[in-house]
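Here's the structure we're looking at; comments come further down.
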Amino acid sequence: MERGDHRPPEKKRRSRCVVLSVVALLLLVVIVAIVLGVTLQSNTDPLKTTFKARCEEFKGYDCEKIWGAFEQAYVGRDPCKVPMEAYDPFIAATPIKPACNRMMFWSKTKDVVHDFTEKRDCFLTLEDTLLGSVLDGLTWCGKEGSSETFTTDCPGWTDCANNTVRSFWNRVSAAFADVACGDVTAMLNGSIVTPFSPTSIFASIEVKRFDSARMRSLNVVLITQKDTVSNCTNASLKDLQKELDQGIKYNCKEVSETQIEECSSNPEKPCGACW
């Protein structure tokens with residue numbers, strides 16, 4: 001007798017249907033797993049995706065290594081117990097190259113400053129460096145006992161002193177100020193009572209790091225509008241002069257926001273002529 005399948009035809013058909021059904025089910029499971037995996041990855045890694053995309057705009061850096069140095073600062077930690085020093089490895093992985101005579105600091109003038117630096121390649125702000133650009137406008141934190149990065153339900157700026165985001169900006173601002181050199185510029189807001197607010201990062205962190213061994217002068221550009229309430233004689237600006245390291249010259253000039261906007265839109269006008 002020849003070897004073969006001697007089952008009736010209807011049983012053979014049923015057997016084939018079962019096999020096909022199992023194969024189809026397995027394919028469906030694989031597809032669902034792939035889709036779910038991609039979805040979960042996109043939901044849990046949005047910060048890393050943005051971070052690396054911004055990082056890769058700067059040539060010559062190992063962005064995966066920099067990400068690792070960054071996330072070790074907060075992953076697995078109480079989001080209110082992340083000191084500035086936790087970001088030291090990140091700072092070490094992304095050293096700032098001094099841009100003497102082009103460094104721009106700001107306080108309560110972010111939109112005006114970045115509109116200007118975006119249109120005119122005259123000055124460099126912290127957010128124009130890799131150090132500041134990768135996380136500008138973003139929120140993140142870790143949780144005790146977790147290896148994940150979270151972008152929601154994180155403590156706000158004023159919820160606790162050593163929260164993840166606040167400590168980061170304090171630390172990178174200090175690093176930026178540490179390399180300030182030559183003639184340095186700062187845009188402050190003339191529409192508030194205290195342009196040099198003691199609670200601002202500029203006053204509490206950056207100015208305290210300015211060193212006369214590197215810096216020649218600080219030129220304050222006080223942005224004015226129709227509702228301006230302060231000028232260069234403001235008491236807080238007197239405090240700024242006192243805070244400066246001896247040997248750093250101080251200058252202040254009141255400049256309207258309209259004048260800044262017009263100058264930033266005129267590429268033929270020298271940046272120094274904007275004020």
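Scheme for the structure tokens: letters A, B, ... for chains in order shown; per-chain residue numbers from 1; ligand numbers from 1 in order shown.
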
If DSSP is run on the backbone, what residues of range 101-256 of chain A are alpha helix (DSSP H)? A reply as JSON, numbers by chain would be ideal. {"A": [110, 111, 112, 113, 114, 115, 116, 117, 118, 119, 130, 131, 132, 133, 164, 165, 166, 167, 168, 169, 170, 171, 172, 173, 174, 175, 176, 177, 178, 201, 235, 236, 237, 238, 239, 240, 241, 242, 243]}

Write the residues of the preceding selection, restricted to N, CA, C and O atoms, as a short mmCIF file (atom, residue, chain, number, x, y, z; two decimals), in the first residue's frame.
```
data_model
loop_
_atom_site.label_atom_id
_atom_site.label_comp_id
_atom_site.auth_asym_id
_atom_site.auth_seq_id
_atom_site.Cartn_x
_atom_site.Cartn_y
_atom_site.Cartn_z
N LYS A 110 12.13 86.98 26.04
CA LYS A 110 12.47 85.82 25.21
C LYS A 110 12.00 85.95 23.76
O LYS A 110 12.77 85.71 22.83
N ASP A 111 10.75 86.33 23.56
CA ASP A 111 10.21 86.40 22.19
C ASP A 111 10.95 87.42 21.34
O ASP A 111 11.28 87.18 20.18
N VAL A 112 11.21 88.59 21.92
CA VAL A 112 11.90 89.66 21.18
C VAL A 112 13.33 89.23 20.83
O VAL A 112 13.78 89.38 19.69
N VAL A 113 14.01 88.65 21.82
CA VAL A 113 15.40 88.23 21.62
C VAL A 113 15.51 87.16 20.54
O VAL A 113 16.34 87.25 19.63
N HIS A 114 14.66 86.15 20.62
CA HIS A 114 14.79 85.04 19.68
C HIS A 114 14.28 85.38 18.28
O HIS A 114 14.75 84.82 17.29
N ASP A 115 13.36 86.31 18.20
CA ASP A 115 12.96 86.78 16.89
C ASP A 115 14.14 87.50 16.23
O ASP A 115 14.40 87.35 15.03
N PHE A 116 14.87 88.25 17.04
CA PHE A 116 16.03 88.99 16.55
C PHE A 116 17.16 88.05 16.13
O PHE A 116 17.72 88.16 15.04
N THR A 117 17.51 87.09 17.01
CA THR A 117 18.63 86.19 16.70
C THR A 117 18.30 85.21 15.58
O THR A 117 19.20 84.73 14.89
N GLU A 118 17.03 84.94 15.39
CA GLU A 118 16.62 84.05 14.30
C GLU A 118 16.81 84.71 12.94
O GLU A 118 17.19 84.08 11.96
N LYS A 119 16.53 86.01 12.91
CA LYS A 119 16.63 86.75 11.65
C LYS A 119 18.03 87.28 11.38
O LYS A 119 18.42 87.46 10.22
N LEU A 130 23.50 73.92 21.32
CA LEU A 130 22.96 72.57 21.52
C LEU A 130 22.48 72.41 22.95
O LEU A 130 21.43 71.82 23.21
N LEU A 131 23.24 72.95 23.88
CA LEU A 131 22.94 72.82 25.30
C LEU A 131 21.52 73.27 25.64
O LEU A 131 20.81 72.62 26.40
N GLY A 132 21.09 74.39 25.05
CA GLY A 132 19.78 74.93 25.38
C GLY A 132 18.69 74.57 24.39
O GLY A 132 17.51 74.52 24.75
N SER A 133 19.06 74.30 23.13
CA SER A 133 18.04 74.08 22.11
C SER A 133 17.32 72.75 22.24
O SER A 133 16.14 72.64 21.90
N THR A 164 12.87 68.91 38.24
CA THR A 164 13.66 68.45 37.10
C THR A 164 13.99 69.55 36.09
O THR A 164 15.14 69.71 35.68
N VAL A 165 12.97 70.30 35.69
CA VAL A 165 13.15 71.30 34.64
C VAL A 165 13.87 72.54 35.17
O VAL A 165 14.79 73.07 34.52
N ARG A 166 13.47 73.00 36.33
CA ARG A 166 14.09 74.21 36.89
C ARG A 166 15.59 74.01 37.13
O ARG A 166 16.41 74.88 36.80
N SER A 167 15.95 72.86 37.69
CA SER A 167 17.36 72.59 37.95
C SER A 167 18.15 72.52 36.64
O SER A 167 19.31 72.95 36.59
N PHE A 168 17.52 71.98 35.60
CA PHE A 168 18.20 71.91 34.30
C PHE A 168 18.54 73.31 33.80
O PHE A 168 19.69 73.58 33.42
N TRP A 169 17.54 74.19 33.77
CA TRP A 169 17.79 75.52 33.22
C TRP A 169 18.73 76.34 34.09
O TRP A 169 19.52 77.14 33.58
N ASN A 170 18.68 76.13 35.40
CA ASN A 170 19.65 76.79 36.26
C ASN A 170 21.07 76.34 35.93
O ASN A 170 22.00 77.14 35.85
N ARG A 171 21.22 75.03 35.70
CA ARG A 171 22.57 74.48 35.45
C ARG A 171 23.11 74.91 34.09
O ARG A 171 24.28 75.30 33.97
N VAL A 172 22.30 74.81 33.04
CA VAL A 172 22.82 75.16 31.71
C VAL A 172 23.02 76.67 31.59
O VAL A 172 23.92 77.12 30.87
N SER A 173 22.22 77.45 32.30
CA SER A 173 22.41 78.90 32.30
C SER A 173 23.74 79.26 32.97
O SER A 173 24.46 80.16 32.51
N ALA A 174 24.06 78.54 34.04
CA ALA A 174 25.34 78.76 34.71
C ALA A 174 26.49 78.43 33.76
O ALA A 174 27.50 79.15 33.70
N ALA A 175 26.35 77.34 33.01
CA ALA A 175 27.40 76.93 32.07
C ALA A 175 27.59 77.97 30.96
O ALA A 175 28.71 78.25 30.54
N PHE A 176 26.48 78.53 30.50
CA PHE A 176 26.54 79.55 29.45
C PHE A 176 27.22 80.81 29.98
O PHE A 176 28.07 81.41 29.31
N ALA A 177 26.88 81.20 31.20
CA ALA A 177 27.48 82.40 31.80
C ALA A 177 28.96 82.19 32.11
O ALA A 177 29.75 83.15 32.06
N ASP A 178 29.34 80.96 32.39
CA ASP A 178 30.74 80.67 32.72
C ASP A 178 31.69 80.95 31.55
O ASP A 178 32.89 81.14 31.78
N ILE A 201 16.61 84.01 36.55
CA ILE A 201 17.84 83.24 36.32
C ILE A 201 18.99 84.19 36.01
O ILE A 201 20.13 83.97 36.43
N ALA A 235 15.99 101.45 39.81
CA ALA A 235 16.73 101.04 41.01
C ALA A 235 17.30 99.62 40.87
O ALA A 235 18.42 99.34 41.34
N SER A 236 16.56 98.73 40.22
CA SER A 236 17.05 97.36 40.09
C SER A 236 18.29 97.29 39.20
O SER A 236 19.15 96.43 39.39
N LEU A 237 18.38 98.21 38.24
CA LEU A 237 19.56 98.24 37.38
C LEU A 237 20.78 98.78 38.13
O LEU A 237 21.92 98.43 37.80
N LYS A 238 20.51 99.60 39.14
CA LYS A 238 21.61 100.03 40.02
C LYS A 238 22.14 98.83 40.79
O LYS A 238 23.36 98.69 41.00
N ASP A 239 21.22 97.94 41.18
CA ASP A 239 21.63 96.71 41.86
C ASP A 239 22.45 95.82 40.93
O ASP A 239 23.40 95.16 41.37
N LEU A 240 22.08 95.81 39.66
CA LEU A 240 22.83 95.03 38.68
C LEU A 240 24.27 95.51 38.60
O LEU A 240 25.21 94.70 38.59
N GLN A 241 24.46 96.82 38.58
CA GLN A 241 25.81 97.37 38.51
C GLN A 241 26.64 96.95 39.72
O GLN A 241 27.83 96.65 39.60
N LYS A 242 25.99 96.91 40.87
CA LYS A 242 26.70 96.52 42.10
C LYS A 242 27.08 95.04 42.08
O LYS A 242 28.08 94.64 42.66
N GLU A 243 26.24 94.24 41.41
CA GLU A 243 26.48 92.78 41.36
C GLU A 243 27.64 92.42 40.45
O GLU A 243 28.27 91.38 40.62
#
```

One residue among A:Lys253, A:Lys208, A:Lys143, A:Lys226 is nearest to Arg77 in chain A when using only C-alpha atoms, and that residue is A:Lys143

Range 255-262 of chain A surroundings by only C-alpha atoms, 8 Å radius, close-in-sequence under 4 positions cut, as a compact mmCIF listing (two decimals) with C-alpha atoms, in the first residue's frame:
```txt
# COMPACT_ATOMS: atom_id res chain seq x y z
CA VAL A 112 11.90 89.66 21.18
CA PHE A 116 16.03 88.99 16.55
CA VAL A 221 19.47 96.86 26.06
CA LEU A 222 16.31 97.88 27.89
CA ILE A 223 13.34 97.09 25.64
CA THR A 224 10.67 99.78 25.81
CA GLN A 225 7.03 99.83 24.67
CA ASN A 266 16.89 94.82 7.64
CA CYS A 274 20.21 98.43 16.11
CA TRP A 275 20.86 100.29 19.34
```

Which of these residues is nearest to Ser217 in chain A, using only C-alpha atoms: A:Cys141, A:Cys100, A:Val193, A:Cys80? A:Cys100

Please run DSSP on the backbone and report, as number ranges by chain, all residues within range 70-237 of chain A that come out as strand (DSSP E). A: 104-107, 182-189, 215-224

Quick one: write out the picked residues with N, CA and C atoms as a PDB file, in the first residue's frame?
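Result saved to again_3.pdb:
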```
ATOM      1  N   MET A 104      24.457  86.687  24.059  1.00  0.00           N
ATOM      2  CA  MET A 104      23.278  87.465  24.428  1.00  0.00           C
ATOM      3  C   MET A 104      22.527  86.782  25.576  1.00  0.00           C
ATOM      4  N   PHE A 105      22.316  87.540  26.648  1.00  0.00           N
ATOM      5  CA  PHE A 105      21.514  87.067  27.771  1.00  0.00           C
ATOM      6  C   PHE A 105      20.195  87.826  27.755  1.00  0.00           C
ATOM      7  N   TRP A 106      19.190  87.306  28.441  1.00  0.00           N
ATOM      8  CA  TRP A 106      17.889  87.967  28.425  1.00  0.00           C
ATOM      9  C   TRP A 106      17.101  87.633  29.690  1.00  0.00           C
ATOM     10  N   SER A 107      16.118  88.475  29.972  1.00  0.00           N
ATOM     11  CA  SER A 107      15.202  88.231  31.082  1.00  0.00           C
ATOM     12  C   SER A 107      13.868  88.889  30.759  1.00  0.00           C
ATOM     13  N   GLY A 182      34.403  88.899  26.451  1.00  0.00           N
ATOM     14  CA  GLY A 182      34.410  90.108  25.633  1.00  0.00           C
ATOM     15  C   GLY A 182      33.291  91.051  26.023  1.00  0.00           C
ATOM     16  N   ASP A 183      32.665  91.657  25.033  1.00  0.00           N
ATOM     17  CA  ASP A 183      31.528  92.548  25.261  1.00  0.00           C
ATOM     18  C   ASP A 183      30.252  91.717  25.215  1.00  0.00           C
ATOM     19  N   VAL A 184      29.554  91.638  26.324  1.00  0.00           N
ATOM     20  CA  VAL A 184      28.359  90.805  26.461  1.00  0.00           C
ATOM     21  C   VAL A 184      27.120  91.686  26.472  1.00  0.00           C
ATOM     22  N   THR A 185      26.040  91.205  25.862  1.00  0.00           N
ATOM     23  CA  THR A 185      24.791  91.965  25.772  1.00  0.00           C
ATOM     24  C   THR A 185      23.681  91.261  26.548  1.00  0.00           C
ATOM     25  N   ALA A 186      22.785  92.054  27.140  1.00  0.00           N
ATOM     26  CA  ALA A 186      21.621  91.497  27.827  1.00  0.00           C
ATOM     27  C   ALA A 186      20.400  92.333  27.483  1.00  0.00           C
ATOM     28  N   MET A 187      19.337  91.680  27.011  1.00  0.00           N
ATOM     29  CA  MET A 187      18.078  92.372  26.737  1.00  0.00           C
ATOM     30  C   MET A 187      17.150  92.191  27.939  1.00  0.00           C
ATOM     31  N   LEU A 188      16.763  93.315  28.552  1.00  0.00           N
ATOM     32  CA  LEU A 188      15.867  93.292  29.703  1.00  0.00           C
ATOM     33  C   LEU A 188      14.576  94.011  29.357  1.00  0.00           C
ATOM     34  N   ASN A 189      13.560  93.800  30.172  1.00  0.00           N
ATOM     35  CA  ASN A 189      12.212  94.294  29.886  1.00  0.00           C
ATOM     36  C   ASN A 189      11.923  95.598  30.629  1.00  0.00           C
ATOM     37  N   MET A 215      35.294  88.781  30.731  1.00  0.00           N
ATOM     38  CA  MET A 215      34.368  89.788  30.226  1.00  0.00           C
ATOM     39  C   MET A 215      34.945  91.193  30.298  1.00  0.00           C
ATOM     40  N   ARG A 216      34.698  91.961  29.261  1.00  0.00           N
ATOM     41  CA  ARG A 216      35.137  93.355  29.231  1.00  0.00           C
ATOM     42  C   ARG A 216      33.996  94.289  29.637  1.00  0.00           C
ATOM     43  N   SER A 217      32.773  93.993  29.134  1.00  0.00           N
ATOM     44  CA  SER A 217      31.651  94.886  29.443  1.00  0.00           C
ATOM     45  C   SER A 217      30.317  94.142  29.372  1.00  0.00           C
ATOM     46  N   LEU A 218      29.308  94.702  30.043  1.00  0.00           N
ATOM     47  CA  LEU A 218      27.932  94.232  29.940  1.00  0.00           C
ATOM     48  C   LEU A 218      27.107  95.387  29.398  1.00  0.00           C
ATOM     49  N   ASN A 219      26.514  95.169  28.238  1.00  0.00           N
ATOM     50  CA  ASN A 219      25.693  96.202  27.609  1.00  0.00           C
ATOM     51  C   ASN A 219      24.226  95.824  27.726  1.00  0.00           C
ATOM     52  N   VAL A 220      23.497  96.553  28.550  1.00  0.00           N
ATOM     53  CA  VAL A 220      22.077  96.281  28.758  1.00  0.00           C
ATOM     54  C   VAL A 220      21.253  97.021  27.714  1.00  0.00           C
ATOM     55  N   VAL A 221      20.429  96.276  26.997  1.00  0.00           N
ATOM     56  CA  VAL A 221      19.473  96.855  26.056  1.00  0.00           C
ATOM     57  C   VAL A 221      18.110  96.741  26.728  1.00  0.00           C
ATOM     58  N   LEU A 222      17.582  97.865  27.191  1.00  0.00           N
ATOM     59  CA  LEU A 222      16.310  97.875  27.894  1.00  0.00           C
ATOM     60  C   LEU A 222      15.190  98.091  26.880  1.00  0.00           C
ATOM     61  N   ILE A 223      14.395  97.051  26.656  1.00  0.00           N
ATOM     62  CA  ILE A 223      13.344  97.094  25.639  1.00  0.00           C
ATOM     63  C   ILE A 223      12.152  97.893  26.153  1.00  0.00           C
ATOM     64  N   THR A 224      11.781  98.920  25.397  1.00  0.00           N
ATOM     65  CA  THR A 224      10.669  99.780  25.805  1.00  0.00           C
ATOM     66  C   THR A 224       9.471  99.608  24.870  1.00  0.00           C
TER      67      THR A 224
END
```

Considering only C-alpha atoms, state which residue in the set A:Lys249, A:Arg120, A:Lys81, A:Arg209 is at the smallest distance from Glu268 in chain A.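 Closest to Glu268 in chain A, using only C-alpha atoms: A:Arg120.
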
Residue nearest Ser200 in chain A - candidates A:Ala53, A:Lys108, A:Phe58, A:Ser230, atoms counted: only C-alpha atoms: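 Ranked by minimum distance to Ser200 in chain A, first place goes to A:Lys108.
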
Considering only C-alpha atoms, can you say which of A:Ser147, A:Ser264, A:Thr233, A:Thr199 comes closest to Gly76 in chain A? A:Ser147

Between CA of Asp62 in chain A and CA of Leu124 in chain A, what distance in Å does the model show, to one decimal? 22.3 Å

Atomic separation - CA of Cys154 in chain A relative to CA of Trp140 in chain A, Å: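 CA of Cys154 in chain A lies at a distance of 6.5 Å from CA of Trp140 in chain A.
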